[in-house]
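Since the structure comes first, as structure tokens, the remarks are kept for the end.
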Amino acid sequence: MTRSRILGVGRFLPEKRVTNFDLEKMFDTSDEWIQQRTGIVERRYAEEGVYCSDLALEASLRALNDAGMGAEEVDFIIFATLSPDHHFPGSGCHLQRKLGIPEVGCLDVRNQCSGFLYRLAVADAFVKTGVYRRILVVGAEVHSSALDFTNRGRDVAVLFGDGAGAVIVGPSETPDRGILSFRLHADGRYADALRLDIWDISKKPYITEADIPEGRVWPKMKGKEVFRMAVTKLPETIEQVLAENGLRLEQIRLFIPHQANLRINQFCAARLGVPEEKFFSNIQRYGNTTAASIPIALSEVLEQGAIGEGDHIVLCGFGAGFTWGAVPIRW
Ligand SMILES: CC(C)(COP(=O)(O)OP(=O)(O)OC[C@H]1O[C@@H](n2cnc3c(N)ncnc32)[C@H](O)[C@@H]1OP(=O)(O)O)[C@@H](O)C(=O)NCCC(=O)NCCS
């Protein structure tokens, strides 16, 4: 069976930088608290009027350029976000219109911080089975409109930033290169550990005036539970996926994890017994960009020349749901 591989990568970060010191002016927090617990120094925020699909468009155009192809060659779009332009239709349709490629199919993925891994796995299956040959796989977030910038929401507000990352997935010319396999997991018993309650279809009507003063418009997180599960499940899944491919940890050139928290990634490296530098991190500059974080990181890794053809890498992530996964690639 044909292997699929990543043919092009692109990222886009809005220009506006928001430092921890800027957040100190909005609620009770400190640069020291944020850096100690998360590693984050600053993040980017989109300006008012900018949609998630606008950020996705910029990252997509860069990924297309990197793959040396035009938008008209895209035969399918897979879009992941937790901050879509509107609740429906999916942001994939908005992006498709902006790319000017009507009638190309669009799939929207709602897997938050593991969104990139889930959509990459879907793209891989389509390419392997010959259904599509050029799939645009994109993730974008505008978190900055939906964070509670008061003391009530400070645990979540400090973590997230806006951005977009995209890759083009297509058939590999050689069986030696490409996506080796994937492992995707979820555990809905933890669905309330990281959530947004505002859309509650069991309520009639589903949104009420009380939702605003009672704070249901803002995300809620049980931070310690997220942390504990992430540092357990990520190493476990990485070990499983490597064993399935007959790979040893020492053979992995670089782990490119979702950027949720620098401490989570440091813990994972320690648990696996690999040097911390082998876990790529850029959370210091961007915060947690959820569905966009892994392709943004991948695009920086490539720009820095940190991986080359034939190197083994592992993409991995953990987030709301809980959902998590790992994807090993021979570049
Ligand atoms: C969010 C996180 C950094 C909080 O760290 P923590 O050590 O668990 O901190 P706690 O929640 O126990 O809070 C400790 C104190 O800091 C306070 N605090 C919370 N947010 C704060 C902030 N932004 N600034 C200053 N103080 C803050 C709390 O109110 C608490 O105060 P108290 O002791 O007086 O009650 C940590 O739990 C974490 O990183 N979890 C994973 C989150 C994640 O990755 N989410 C995304 C998944 S994709």
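Chain lettering (A, B, ...) mirrors the order of the structure tokens, residue numbering begins at 1 for each chain separately, and ligand numbering begins at 1 in order of display.
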Determine which residues of stretch 60-168 of chain A receive a DSSP assignment of helix (DSSP H, G or I), computed from the backbone, and state them as a ChimeraX atom specification.
-> /A:60-67,71-73,91-99,112-128,143-145,151-157
Find the nearest atom pair between each residue of chain A and ligand 1 for residues within 8 Å, count only C-alpha atoms and all ligand atoms, give distances in Å to one decimal, sort rows by chain and ascending number, and present the table as JSON lines.
{"residue": "A:Asp28", "atom": "CA", "partner": "ligand 1", "partner_atom_place_in_ligand_line": "25 (C)", "distance": 6.0}
{"residue": "A:Thr29", "atom": "CA", "partner": "ligand 1", "partner_atom_place_in_ligand_line": "24 (N)", "distance": 3.6}
{"residue": "A:Ser30", "atom": "CA", "partner": "ligand 1", "partner_atom_place_in_ligand_line": "24 (N)", "distance": 5.9}
{"residue": "A:Trp33", "atom": "CA", "partner": "ligand 1", "partner_atom_place_in_ligand_line": "25 (C)", "distance": 5.6}
{"residue": "A:Ile34", "atom": "CA", "partner": "ligand 1", "partner_atom_place_in_ligand_line": "23 (N)", "distance": 6.3}
{"residue": "A:Arg37", "atom": "CA", "partner": "ligand 1", "partner_atom_place_in_ligand_line": "3 (C)", "distance": 4.9}
{"residue": "A:Thr38", "atom": "CA", "partner": "ligand 1", "partner_atom_place_in_ligand_line": "3 (C)", "distance": 5.6}
{"residue": "A:Gln112", "atom": "CA", "partner": "ligand 1", "partner_atom_place_in_ligand_line": "48 (S)", "distance": 7.5}
{"residue": "A:Cys113", "atom": "CA", "partner": "ligand 1", "partner_atom_place_in_ligand_line": "48 (S)", "distance": 5.1}
{"residue": "A:Asn151", "atom": "CA", "partner": "ligand 1", "partner_atom_place_in_ligand_line": "21 (C)", "distance": 7.7}
{"residue": "A:Gly153", "atom": "CA", "partner": "ligand 1", "partner_atom_place_in_ligand_line": "20 (N)", "distance": 7.6}
{"residue": "A:Arg154", "atom": "CA", "partner": "ligand 1", "partner_atom_place_in_ligand_line": "23 (N)", "distance": 4.3}
{"residue": "A:Asp155", "atom": "CA", "partner": "ligand 1", "partner_atom_place_in_ligand_line": "20 (N)", "distance": 3.4}
{"residue": "A:Val156", "atom": "CA", "partner": "ligand 1", "partner_atom_place_in_ligand_line": "1 (C)", "distance": 6.5}
{"residue": "A:Ala157", "atom": "CA", "partner": "ligand 1", "partner_atom_place_in_ligand_line": "23 (N)", "distance": 7.0}
{"residue": "A:Val158", "atom": "CA", "partner": "ligand 1", "partner_atom_place_in_ligand_line": "23 (N)", "distance": 5.5}
{"residue": "A:Leu159", "atom": "CA", "partner": "ligand 1", "partner_atom_place_in_ligand_line": "45 (N)", "distance": 7.2}
{"residue": "A:Leu194", "atom": "CA", "partner": "ligand 1", "partner_atom_place_in_ligand_line": "47 (C)", "distance": 7.6}
{"residue": "A:Met221", "atom": "CA", "partner": "ligand 1", "partner_atom_place_in_ligand_line": "45 (N)", "distance": 7.2}
{"residue": "A:Lys222", "atom": "CA", "partner": "ligand 1", "partner_atom_place_in_ligand_line": "37 (O)", "distance": 7.1}
{"residue": "A:Gly223", "atom": "CA", "partner": "ligand 1", "partner_atom_place_in_ligand_line": "37 (O)", "distance": 3.5}
{"residue": "A:Lys224", "atom": "CA", "partner": "ligand 1", "partner_atom_place_in_ligand_line": "37 (O)", "distance": 4.1}
{"residue": "A:Glu225", "atom": "CA", "partner": "ligand 1", "partner_atom_place_in_ligand_line": "40 (N)", "distance": 7.2}
{"residue": "A:Val226", "atom": "CA", "partner": "ligand 1", "partner_atom_place_in_ligand_line": "41 (C)", "distance": 4.9}
{"residue": "A:Phe227", "atom": "CA", "partner": "ligand 1", "partner_atom_place_in_ligand_line": "41 (C)", "distance": 4.2}
{"residue": "A:Arg228", "atom": "CA", "partner": "ligand 1", "partner_atom_place_in_ligand_line": "41 (C)", "distance": 8.0}
{"residue": "A:Ala230", "atom": "CA", "partner": "ligand 1", "partner_atom_place_in_ligand_line": "44 (O)", "distance": 8.0}
{"residue": "A:His258", "atom": "CA", "partner": "ligand 1", "partner_atom_place_in_ligand_line": "48 (S)", "distance": 7.8}
{"residue": "A:Gln259", "atom": "CA", "partner": "ligand 1", "partner_atom_place_in_ligand_line": "48 (S)", "distance": 7.7}
{"residue": "A:Ala260", "atom": "CA", "partner": "ligand 1", "partner_atom_place_in_ligand_line": "44 (O)", "distance": 4.3}
{"residue": "A:Asn261", "atom": "CA", "partner": "ligand 1", "partner_atom_place_in_ligand_line": "44 (O)", "distance": 5.0}
{"residue": "A:Arg263", "atom": "CA", "partner": "ligand 1", "partner_atom_place_in_ligand_line": "39 (O)", "distance": 7.4}
{"residue": "A:Ile264", "atom": "CA", "partner": "ligand 1", "partner_atom_place_in_ligand_line": "44 (O)", "distance": 7.2}
{"residue": "A:Asn288", "atom": "CA", "partner": "ligand 1", "partner_atom_place_in_ligand_line": "46 (C)", "distance": 7.2}
{"residue": "A:Thr290", "atom": "CA", "partner": "ligand 1", "partner_atom_place_in_ligand_line": "48 (S)", "distance": 6.6}
{"residue": "A:Gly317", "atom": "CA", "partner": "ligand 1", "partner_atom_place_in_ligand_line": "48 (S)", "distance": 7.9}
{"residue": "A:Phe318", "atom": "CA", "partner": "ligand 1", "partner_atom_place_in_ligand_line": "48 (S)", "distance": 5.8}
{"residue": "A:Gly319", "atom": "CA", "partner": "ligand 1", "partner_atom_place_in_ligand_line": "48 (S)", "distance": 3.9}
{"residue": "A:Ala320", "atom": "CA", "partner": "ligand 1", "partner_atom_place_in_ligand_line": "48 (S)", "distance": 6.1}
Shell around A:Arg5 at 8 Å using only C-alpha atoms, local window under 6 positions removed, as an MDAnalysis selection string | chainID A and resid 124 169:172 177:179 331
Selection above as a file: N, CA and C atoms, as an mmCIF file, in the first residue's frame:
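What ended up in result.cif:
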data_model
loop_
_atom_site.group_PDB
_atom_site.id
_atom_site.type_symbol
_atom_site.label_atom_id
_atom_site.label_comp_id
_atom_site.auth_asym_id
_atom_site.auth_seq_id
_atom_site.Cartn_x
_atom_site.Cartn_y
_atom_site.Cartn_z
ATOM 1 N N ASP A 124 -4.038 10.369 6.197
ATOM 2 C CA ASP A 124 -3.186 9.215 5.888
ATOM 3 C C ASP A 124 -4.035 8.075 5.310
ATOM 4 N N VAL A 169 -0.799 16.709 2.704
ATOM 5 C CA VAL A 169 -0.495 15.274 2.772
ATOM 6 C C VAL A 169 -0.804 14.640 1.420
ATOM 7 N N GLY A 170 0.163 13.863 0.918
ATOM 8 C CA GLY A 170 -0.030 13.186 -0.368
ATOM 9 C C GLY A 170 0.777 11.898 -0.396
ATOM 10 N N PRO A 171 0.711 11.159 -1.499
ATOM 11 C CA PRO A 171 1.438 9.890 -1.568
ATOM 12 C C PRO A 171 2.952 10.106 -1.547
ATOM 13 N N SER A 172 3.659 9.225 -0.873
ATOM 14 C CA SER A 172 5.115 9.281 -0.844
ATOM 15 C C SER A 172 5.659 8.590 -2.092
ATOM 16 N N ARG A 177 9.767 6.626 3.100
ATOM 17 C CA ARG A 177 9.454 7.902 3.748
ATOM 18 C C ARG A 177 7.962 8.005 4.041
ATOM 19 N N GLY A 178 7.626 8.661 5.135
ATOM 20 C CA GLY A 178 6.228 8.976 5.366
ATOM 21 C C GLY A 178 5.709 8.583 6.740
ATOM 22 N N ILE A 179 4.394 8.658 6.869
ATOM 23 C CA ILE A 179 3.716 8.348 8.135
ATOM 24 C C ILE A 179 3.766 6.837 8.332
ATOM 25 N N TRP A 331 10.971 10.961 8.028
ATOM 26 C CA TRP A 331 10.918 12.193 7.206
ATOM 27 C C TRP A 331 11.587 12.010 5.859
#
DSSP strand (DSSP E) selection over stretch 73-223 of chain A, as a PyMOL selection string = chain A and resi 76-80+105-109+135-141+163-171+178-179+183-186+194-195+220-221
For each of A:Val231, A:Ile256, A:Ala269, A:Ile238, take the minimum atom-to-atom distance to A:Glu300, counting only C-alpha atoms, then give the residue where this is smallest.
-> A:Ile256
Near-stretch 11-21 of chain A list (8 Å; only C-alpha atoms; drop same-chain fewer than 5 positions) as a list in words |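 The filter keeps Ser30, Asp31, Ile34, Ile40, Val41, Glu42, Arg43, Arg44, Tyr45, Ala46, Glu47, Leu55, Ala56, Glu58, Ala59, Ser60, Arg62, Ala63, Val158, Asp162, Gly163, Ala164, Gly165, Ala166, Pro295, Ile296 and Ser299 of chain A.
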Computed interatomic separation between atom CA of A:Leu147 and atom CA of A:Gly188 (Å) =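 Between atom CA of A:Leu147 and atom CA of A:Gly188 the gap is 23.6 Å.
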Per residue of stretch 154-265 of chain A within 12 Å of stretch 310-315 of chain A, note the shortest atom pair and the distance in Å to one decimal, counting only C-alpha atoms, and order the rows by chain and increasing residue number, as CSV.
residue,atom,partner,partner_atom,distance
A:Thr174,CA,A:Gly310,CA,11.2
A:Pro175,CA,A:Gly310,CA,11.4
A:Asp176,CA,A:Gly310,CA,7.8
A:Arg177,CA,A:Gly310,CA,6.8
A:Gly178,CA,A:Gly310,CA,9.2
A:Ile179,CA,A:Val314,CA,9.7
A:Leu180,CA,A:His312,CA,9.6
A:Ser181,CA,A:Val314,CA,10.4
A:Phe182,CA,A:Leu315,CA,9.5
A:Arg183,CA,A:Leu315,CA,10.6
A:Leu184,CA,A:Leu315,CA,11.6
A:Leu234,CA,A:Leu315,CA,10.5
A:Pro235,CA,A:Val314,CA,11.4
A:Thr237,CA,A:Val314,CA,10.8
A:Ile238,CA,A:Val314,CA,7.8
A:Glu239,CA,A:Val314,CA,10.6
A:Gln240,CA,A:Val314,CA,11.9
A:Val241,CA,A:Val314,CA,9.1
A:Leu242,CA,A:Val314,CA,8.8
A:Asn245,CA,A:His312,CA,11.1
A:Leu247,CA,A:His312,CA,9.1
A:Arg248,CA,A:His312,CA,10.3
A:Leu249,CA,A:His312,CA,9.9
A:Glu250,CA,A:His312,CA,9.9
A:Gln251,CA,A:His312,CA,6.8
A:Ile252,CA,A:His312,CA,5.0
A:Arg253,CA,A:His312,CA,5.6
A:Leu254,CA,A:Ile313,CA,5.0
A:Phe255,CA,A:Val314,CA,4.8
A:Ile256,CA,A:Leu315,CA,4.8
A:Pro257,CA,A:Leu315,CA,5.6
A:His258,CA,A:Leu315,CA,7.7
A:Gln259,CA,A:Leu315,CA,11.0
Near A:Val138, within 10 Å and counting only C-alpha atoms, which residues show up once chain neighbours fewer than 3 positions away are dropped, as a VMD selection string?
-> chain A and resid 9 to 11 53 56 to 57 59 to 60 63 77 to 81 92 95 108 to 109 115 to 116 119 to 120 135 164 to 168 291 to 292 295
Nearest to A:Ile294 among A:Ile6, A:Leu99, A:Leu117, A:Ile201, with distances taken over only C-alpha atoms: which residue is it?
->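 Nearest candidate to A:Ile294 out of A:Ile6, A:Leu99, A:Leu117, A:Ile201: A:Leu117.
Rounded to one decimal, atom CA of A:Gly39 and atom CA of A:Pro84 lie 26.7 Å from each other.
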Which residue, A:Tyr51, A:Trp199, A:Phe267, A:Tyr206, has the smallest gap to A:His143 when you use only C-alpha atoms?
->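 Once distances to A:His143 are computed over only C-alpha atoms, the minimum belongs to A:Tyr51.
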Of the residues A:Pro328, A:Gly90, A:Gly139, A:Pro213, which is the one nearest to A:Gly246, using only C-alpha atoms?
->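 Closest to A:Gly246, using only C-alpha atoms: A:Pro328.
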What does the distance between atom CA of A:Ala191 and atom CA of A:Asn111 come to in Å, to one decimal place?
->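 If I compute the distance from atom CA of A:Ala191 to atom CA of A:Asn111, I get 11.7 Å.
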